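Asks: The structure is given below, and queries will be raised subsequently.
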Amino acid sequence: MKHINFNNKTNTLLRAAIAGTVLGPIMAVQAEESFVMEEVVVTAQKRSERLIEVPISISTVSKEAIAQTGVKELKELGSLTPNLQISQNSDFGTQITIRGVGANSRNIGFDSRVGVYLDGVYIGQSPAANQGLVDLERVEVLRGPQGTLFGKNTVAGAISLISRKPGKELEGSVGLNLGNFNNRELQASVNLPLNDNNSLKVYANSTKRDGYIRNLAINKDIQERDAVSGRLHLRSELSPALEMNLSVDYLKQDRLGFNGEPLTDTLGFFKPTEGLEKYVTSDDHPLIENKENSGSSLTFDYEFDNGYTLKSISAYRFTELFYDASPDYSPEDFLFVQYTDTYKQTTQEFQIISPDDTNFKYVAGLFLYKQESETDRDAFGGSGTVTHPLLGPVPISAFGIDASKKVVDIDGTVDTESYAIFANSTYDLTDRLTLGIGFRFSEETKDVEWSIDGTNSGAFAIGTTNVTDSRTDTNFSPSLSLNYSLFEDSYIYGRASSGFKSGGYNLDFININQVDAGIEFDDETVESYEIGYKGEFPDQHLRLNMALFYSQFDDYQVNQYVDLGGGRTALAITNAATVVTKGFEMDLTYYPTANLQLTAALGLLDASFDSFPNGGTGGSDASGNKLPYAPEMTASLSGQYYYPLPSINASLLLRSDYSYTGGYFITINNDDGHTLLDGSTVDFGKLDSYGTLSARIGLVGDGDTWSVSMWGRNLTDSNHLNYSFRDFFGTILAGYAMPRTYGVEARYDF
């Protein structure tokens, strides 16, 4: 959209009215000096655009905010963004929800709903999602369906990580972060100009931290961090019109992880005899979670003489996760499982991007995707016992299982191939009104070869079958938007968008009944409507974004643990009839002075199963129930202040961040607590609201060449419940917020 200067009195009054309505009393605080707010540019529509001119609900987190808030992993990003939730348990089951809608790809036949992208390349399934937030220029969180430009499985939204490109100056940095729980983080980067046209950037990071949960059975602390990562990025100007970017990244993590503290015994009848305190458990076979992520991408940008740009992105991603855990969560050697899931992904995308200086602008392209996924999952019996309310301590043989053989043996592959053609365009109907039209046509084929042998599962009745099948999904996802300029730097917009999530197969520990009923599920679709406002008020040093939204999901895929009674649980995937989510989002940034920044964010959400007959426990009607992991309110407040200290050529940095999450359900039944056989109750099904406070104080050298700071997260040491769930044997588990962490961080740039 063109930039327009409106100088008449009417527009001036309108600007003042909007600013006054939002700020109210705090507008009495006047700026101490004149300054210009930094312009926020995003690439949400695959071209660089001002944030306020993009008709999508977007939150951005800059490299400065990443550094000053101290977030290190993607899973910590939820506290900064309204209507974004990211699970806090193991990376194997990372679940990202936007506007109450999300999923984790627990097995190779099921996809997530939020796509995570690194420099335009899809990262992959849940085990790969929890990326380190290092060497980034910014993070963009796009809410609502993004199928037109980002493709399948972005029905809830997309998270785009944009890295810092190599520059033409010799520079680098080293950083050290030390904290409690023996936290040690070391990072270093260097930018090397090889010649006038080539630059190489190298980045490396090592992070280690002791666990904060005591495992009595093995006398060790678990839920630790131990990861190394690195990236090489070569940027070459092959000609005045052609730029090449080659990037290679790697991450390896080996750790004793954590699924949850058992609130009951293995079969879910009584409370456990050990490990009843928070942050204490007793498990003879703690979770071992080793993962390896790597990838490479090769991007060419060629600008023609007429201003058009041709872009090619070729990429390969590899993810392997080894998962070794005991689903009985007890000090007894009763049963353990081992998973090895591997994903190999190749993508190719071509884009043609029109010039920016015309009334009609567009991005059009072709996308090719191939993924080979493989799973090897085994369950093994042990010599220990579990307690049954009638039979007392019983060995695994009492369930009809021969412990000398595998209890369950799962092997299989899913090969996915898809292609898509897409386009997104805008046309300036007038100086103030812009029409946006987009579409994506996708076709995806999944070929599955999978087997499960549950003949030795006894009373747990795990199925036995071989599956050789293929399914193809096709989808046409259009989008339409109108963006109207009320006056300069102030826009209202309306947007209608759609998307789809491909169907698949429930390739998990399924029981005999599920084998008989079939393990294939259909694709889901979404239609979403959004109206919003985006504006900047330079005179008031204010930036404001607001959006109202309504989305309807048809054939919504539900992945859940179904309680079969008697300590038996089924891992089911079904299509619910209809899900509806609606709500409101707001982001506000305000600069009372050049050195003081205040930000606020608010998300209001109403997400429910509009129709889900037979979806609850025992076939009950779940229609009208709230979606799991969908808090009705999320909010955050932060303040950051720089106090100049000219005598030492530095500034004092003061920052504080508060985030609030309202209560929400974590089961489709909307349970609120669980009663055991002896009449006692445990937390299950609903999480209460909670708030967390973080802060940082430090010195920053002029020119941002060095910094030293003290930091603290969860300063109130809140031990609120982060999640709870029922596992395979009926065990009810819980995870609590990480205790207060604090430390010292130093960085030097050269």
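Residue numbers start at 1 in each chain; chains themselves are named A, B, ... in the order of the structure tokens; ligands are numbered from 1 in the order shown.
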Residues near range 536-548 of chain A, anyone? I mean within 6 Å using only C-alpha atoms, not counting same-chain ones fewer than 4 positions away, as a PDB file with C-alpha atoms, in the first residue's frame.
Replies:
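What follows is the written file around-v9.pdb:
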ATOM      1  CA  ASP A 489       0.156   4.674   9.442  1.00  0.00           C
ATOM      2  CA  GLU A 530     -10.738 -11.824  11.165  1.00  0.00           C
ATOM      3  CA  ILE A 531     -11.115  -8.081  11.473  1.00  0.00           C
ATOM      4  CA  GLY A 532      -8.370  -5.962  12.907  1.00  0.00           C
ATOM      5  CA  GLY A 583     -11.702 -14.275  20.497  1.00  0.00           C
ATOM      6  CA  PHE A 584      -9.632 -11.100  20.620  1.00  0.00           C
ATOM      7  CA  GLU A 585      -5.927 -10.188  20.566  1.00  0.00           C
ATOM      8  CA  MET A 586      -4.038  -6.996  21.268  1.00  0.00           C
ATOM      9  CA  ASP A 587      -0.380  -5.950  21.208  1.00  0.00           C
ATOM     10  CA  LEU A 588       0.655  -2.483  22.381  1.00  0.00           C
ATOM     11  CA  THR A 589       4.076  -0.824  22.493  1.00  0.00           C
ATOM     12  CA  TYR A 590       4.509   2.620  24.058  1.00  0.00           C
ATOM     13  CA  TYR A 591       7.567   4.833  24.553  1.00  0.00           C
TER      14      TYR A 591
END
Asks: With only C-alpha atoms as the counted atoms, please give the residues lying no more than 12 Å from Pro286 in chain A, apart from itself and same-chain residues fewer than 4 positions off, as a ChimeraX atom specification.
Replies: /A:213-224,255-261,281-282,323-333,335-338
Asks: Report as CSV the residues of range 610-712 of chain A within 12 Å of range 84-92 of chain A, each with its shortest atom pair and distance in Å (one decimal), using only C-alpha atoms, ordered by chain and increasing residue number.
Replies:
residue,atom,partner,partner_atom,distance
A:Pro628,CA,A:Gln85,CA,11.1
A:Tyr629,CA,A:Gln85,CA,7.4
A:Ala630,CA,A:Gln85,CA,8.1
A:Pro631,CA,A:Gln85,CA,8.8
A:Glu632,CA,A:Leu84,CA,11.5
A:Met633,CA,A:Leu84,CA,10.6
A:Thr634,CA,A:Leu84,CA,8.3
A:Ala635,CA,A:Leu84,CA,10.3
A:Ser636,CA,A:Leu84,CA,11.7
A:Ser659,CA,A:Leu84,CA,11.9
A:Tyr660,CA,A:Gln85,CA,11.7
A:Thr661,CA,A:Gln85,CA,9.3
A:Gly662,CA,A:Gln85,CA,11.4
A:Tyr664,CA,A:Gln85,CA,11.2
A:Ile666,CA,A:Ser87,CA,11.3
Asks: Considering only C-alpha atoms, can you say which of A:Ala67, A:Leu687, A:Leu482, A:Leu676 comes closest to Val708 in chain A?
Replies: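 Closest to Val708 in chain A of all the choices is A:Ala67.
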Asks: Using only C-alpha atoms, which of the listed residues (A:Ser651, A:Asn475, A:Ser59, A:Thr692) sits closest to Asp704 in chain A?
Replies: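 Closest candidate: A:Ser651.
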Asks: Using only C-alpha atoms, determine which residues lie at most 10 Å from Thr358 in chain A, disregarding the query and same-chain residues fewer than 2 positions distant; provide the list as number ranges by chain.
Replies: A: 1-2, 354-356, 360-361, 426-428
Asks: Near range 432-442 of chain A, within 10 Å and counting only C-alpha atoms, which residues show up once chain neighbours fewer than 4 positions away are dropped, as an MDAnalysis selection string?
Replies: chainID A and resid 1:4 53 55 147:152 359:368 418:428 473:488 491:500
Asks: Can you work out which one of A:Val116, A:Ile288, A:Leu699, A:Leu251 has the shortest atom-to-atom distance to Thr154 in chain A, counting only C-alpha atoms?
Replies: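 Selected residue with least distance to Thr154 in chain A: A:Val116.
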Asks: CA of Thr347 in chain A to CA of Gly120 in chain A: how many Å, to one decimal?
Replies: 10.6 Å
Asks: Just checking: using only C-alpha atoms, which residue out of A:Thr340, A:Asp508, A:Thr416, A:Lys534 ends up closest to Ser57 in chain A?
Replies: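 The answer is A:Lys534, which sits nearest to Ser57 in chain A.
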Asks: List every residue of range 348-530 of chain A that DSSP, applied to the backbone of this structure, assigns to helix (DSSP H, G or I), and report them as a VMD selection string.
Replies: chain A and resid 396 to 399 458 to 460 512 to 517
Asks: Name the residues of range 309-521 of chain A that come out as strand (DSSP E or B) in a backbone DSSP run; write them as a ChimeraX atom specification.
Replies: /A:309-325,335-353,360-381,385-388,392-395,406-428,433-453,462,465-487,490-501,504-505,511,520-521
